[in-house]
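Participant: This is the structure, below, for whatever I ask next.
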Amino acid sequence: MDSVLKEKIFNLGVETEAKYGGCAQCVLRTLSETVLDIDPAVIKSATALMAGGIRSGNSCGAFTGGLMAIASVTGRETTEMENAQAVADTAVPARKFFQKFIDEYGSVNCRDIQYKIMGKNYRMYDPEDLQRFLDDGGHDDKCTHVVGKAAVWVAEVLEECGVKEF
């Protein structure tokens, strides 16, 4: 994948997260608008995955949205639940995607990533703490960049694994 496409994906991810929030949905929407054909129902299904799932600080929404994007391309259909190969085909790029998060942030948990990039974490379900997150630039250049990077990483691992060519 060339650097121009990577930059386009990254910038759209940043812009989408800054404008709308909802990191999982923003990763999916970014990829849908650039390099993948993702069903709108998949994007809709990511609504509650923001900020670690219902703003709980658990698994990063950009990470879970990225996993959903990978599985939307490689995963098994509900009519093929016995298809173990589709599970294996999904695990390889998903594991590479996981490793990119570990290499960059040391974790896939929202609260840990917040601490890494902001020096503290926030209880995003608490309106006052959410406001502190926003005041501290969470949607300026912090989580927006996590979303942009996650979207790029999805495209990279799909290409590295020979699933898609961009």
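To be explicit about the labels: the chains of the structure tokens are called A, B, and onward in the order shown, and within each one the residues are counted from 1, while ligands get numbers from 1 in the order they are shown.
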For region 11-17 of chain A, find every residue with an atom within 12 Å (counting only C-alpha atoms), except residues of its own chain fewer than 4 positions away, and show them as a PyMOL selection string.
Facilitator: chain A and resi 3-7+21-35+50-51+61-62+65-66+138-154
Participant: Enumerate as a PyMOL selection string all residues of chain A assigned to helix (DSSP H, G or I) by DSSP on the backbone, naming them with the chain letters and numbers the document uses.
Facilitator: chain A and resi 3-20+23-34+40-45+47-49+61-74+78-80+84-105+110-118+127-135+138-160
Participant: For the atom pair CA of Ala86 (chain A) and CA of Ser72 (chain A), what is the interatomic distance in Å to one decimal place?
Facilitator: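 If I compute the distance from CA of Ala86 (chain A) to CA of Ser72 (chain A), I get 11.0 Å.
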Participant: Hey, what's within 9 Å of Phe98 (chain A) if we count only C-alpha atoms and toss same-chain stuff fewer than 6 positions away? As a list in words, please?
Facilitator: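 Using only C-alpha atoms, the neighbours found are Phe63, Leu67, Ser107 and Val108 of chain A.
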Participant: Given the selection you just returned, output its residues as a file containing all heavy atoms, formatted as a PDB file, in the first residue's frame.
Facilitator:
```pdb
ATOM      1  N   PHE A  63      -9.701  -0.702  18.421  1.00  0.00           N
ATOM      2  CA  PHE A  63      -9.250  -2.086  18.275  1.00  0.00           C
ATOM      3  C   PHE A  63     -10.421  -2.994  17.911  1.00  0.00           C
ATOM      4  O   PHE A  63     -10.331  -3.760  16.952  1.00  0.00           O
ATOM      5  CB  PHE A  63      -8.569  -2.552  19.567  1.00  0.00           C
ATOM      6  CG  PHE A  63      -8.171  -4.000  19.545  1.00  0.00           C
ATOM      7  CD1 PHE A  63      -7.146  -4.433  18.722  1.00  0.00           C
ATOM      8  CD2 PHE A  63      -8.822  -4.923  20.340  1.00  0.00           C
ATOM      9  CE1 PHE A  63      -6.773  -5.773  18.688  1.00  0.00           C
ATOM     10  CE2 PHE A  63      -8.462  -6.259  20.318  1.00  0.00           C
ATOM     11  CZ  PHE A  63      -7.438  -6.690  19.489  1.00  0.00           C
ATOM     12  N   LEU A  67     -11.051  -5.143  14.476  1.00  0.00           N
ATOM     13  CA  LEU A  67     -11.325  -6.583  14.407  1.00  0.00           C
ATOM     14  C   LEU A  67     -12.593  -6.861  13.605  1.00  0.00           C
ATOM     15  O   LEU A  67     -12.639  -7.811  12.814  1.00  0.00           O
ATOM     16  CB  LEU A  67     -11.465  -7.172  15.813  1.00  0.00           C
ATOM     17  CG  LEU A  67     -10.201  -7.244  16.656  1.00  0.00           C
ATOM     18  CD1 LEU A  67     -10.542  -7.785  18.053  1.00  0.00           C
ATOM     19  CD2 LEU A  67      -9.125  -8.088  15.998  1.00  0.00           C
ATOM     20  N   SER A 107      -0.951  -2.240  24.988  1.00  0.00           N
ATOM     21  CA  SER A 107      -2.238  -2.767  25.435  1.00  0.00           C
ATOM     22  C   SER A 107      -3.283  -2.556  24.347  1.00  0.00           C
ATOM     23  O   SER A 107      -3.082  -1.763  23.430  1.00  0.00           O
ATOM     24  CB  SER A 107      -2.688  -2.023  26.704  1.00  0.00           C
ATOM     25  OG  SER A 107      -3.937  -2.484  27.172  1.00  0.00           O
ATOM     26  N   VAL A 108      -4.397  -3.258  24.487  1.00  0.00           N
ATOM     27  CA  VAL A 108      -5.563  -2.992  23.645  1.00  0.00           C
ATOM     28  C   VAL A 108      -6.708  -2.434  24.492  1.00  0.00           C
ATOM     29  O   VAL A 108      -7.809  -2.243  23.986  1.00  0.00           O
ATOM     30  CB  VAL A 108      -6.034  -4.241  22.859  1.00  0.00           C
ATOM     31  CG1 VAL A 108      -4.977  -4.682  21.862  1.00  0.00           C
ATOM     32  CG2 VAL A 108      -6.441  -5.371  23.792  1.00  0.00           C
TER      33      VAL A 108
END
```
Participant: What does the structure give for the distance between CA of Asp112 (chain A) and CA of Tyr125 (chain A), in Å to one decimal?
Facilitator: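 Separating CA of Asp112 (chain A) from CA of Tyr125 (chain A) is a distance of 16.0 Å.
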Participant: As an exercise, work out the distance from CA of Ala84 (chain A) to CA of Phe97 (chain A) in Å and give it to one decimal place.
Facilitator: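 CA of Phe97 (chain A) lies 20.2 Å from CA of Ala84 (chain A).
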Participant: Residues near Ser59 (chain A), anyone? I mean within 6 Å using only C-alpha atoms, not counting same-chain ones fewer than 6 positions away, as a PyMOL selection string.
Facilitator: chain A and resi 52+108-110
Participant: Could you save those same residues with C-alpha atoms as an mmCIF file, in the first residue's frame?
Facilitator:
```cif
data_model
loop_
_atom_site.group_PDB
_atom_site.id
_atom_site.type_symbol
_atom_site.label_atom_id
_atom_site.label_comp_id
_atom_site.auth_asym_id
_atom_site.auth_seq_id
_atom_site.Cartn_x
_atom_site.Cartn_y
_atom_site.Cartn_z
ATOM 1 C CA GLY A 52 -13.877 0.457 25.652
ATOM 2 C CA VAL A 108 -5.563 -2.992 23.645
ATOM 3 C CA ASN A 109 -7.480 -1.619 26.636
ATOM 4 C CA CYS A 110 -8.910 1.868 26.300
#
```
Participant: Go through A:Asp136, A:Glu156, A:Asp39, A:Asp2 and flag the residue nearest Asn121 (chain A), using only C-alpha atoms for the distances.
Facilitator: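 Of A:Asp136, A:Glu156, A:Asp39, A:Asp2, the one nearest Asn121 (chain A), counting only C-alpha atoms, is A:Asp136.
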Participant: Name all residues at most 9 Å from Ile54 (chain A) (count only C-alpha atoms; drop same-chain ones fewer than 6 positions away) and give them as an NGL selection string.
Facilitator: :A and (47-48 or 124-125)
Participant: Can you write out the residues you just picked, keeping N, CA and C atoms, as a PDB file, in the first residue's frame?
Facilitator:
```
ATOM      1  N   THR A  47     -21.942   0.645  17.458  1.00  0.00           N
ATOM      2  CA  THR A  47     -22.323   1.845  18.199  1.00  0.00           C
ATOM      3  C   THR A  47     -21.930   1.786  19.677  1.00  0.00           C
ATOM      4  N   ALA A  48     -22.192   0.700  20.345  1.00  0.00           N
ATOM      5  CA  ALA A  48     -21.954   0.611  21.794  1.00  0.00           C
ATOM      6  C   ALA A  48     -20.508   0.294  22.153  1.00  0.00           C
ATOM      7  N   MET A 124     -15.065   7.474  31.202  1.00  0.00           N
ATOM      8  CA  MET A 124     -15.801   8.118  30.123  1.00  0.00           C
ATOM      9  C   MET A 124     -17.319   8.074  30.324  1.00  0.00           C
ATOM     10  N   TYR A 125     -17.784   7.200  31.173  1.00  0.00           N
ATOM     11  CA  TYR A 125     -19.213   7.119  31.463  1.00  0.00           C
ATOM     12  C   TYR A 125     -19.653   8.219  32.427  1.00  0.00           C
TER      13      TYR A 125
END
```
Participant: Could you name the residues that touch Gly75 (chain A) at 12 Å or less, counting only C-alpha atoms, but leaving out those on the same chain fewer than 4 positions away, as a PyMOL selection string?
Facilitator: chain A and resi 67-71+79-94+163
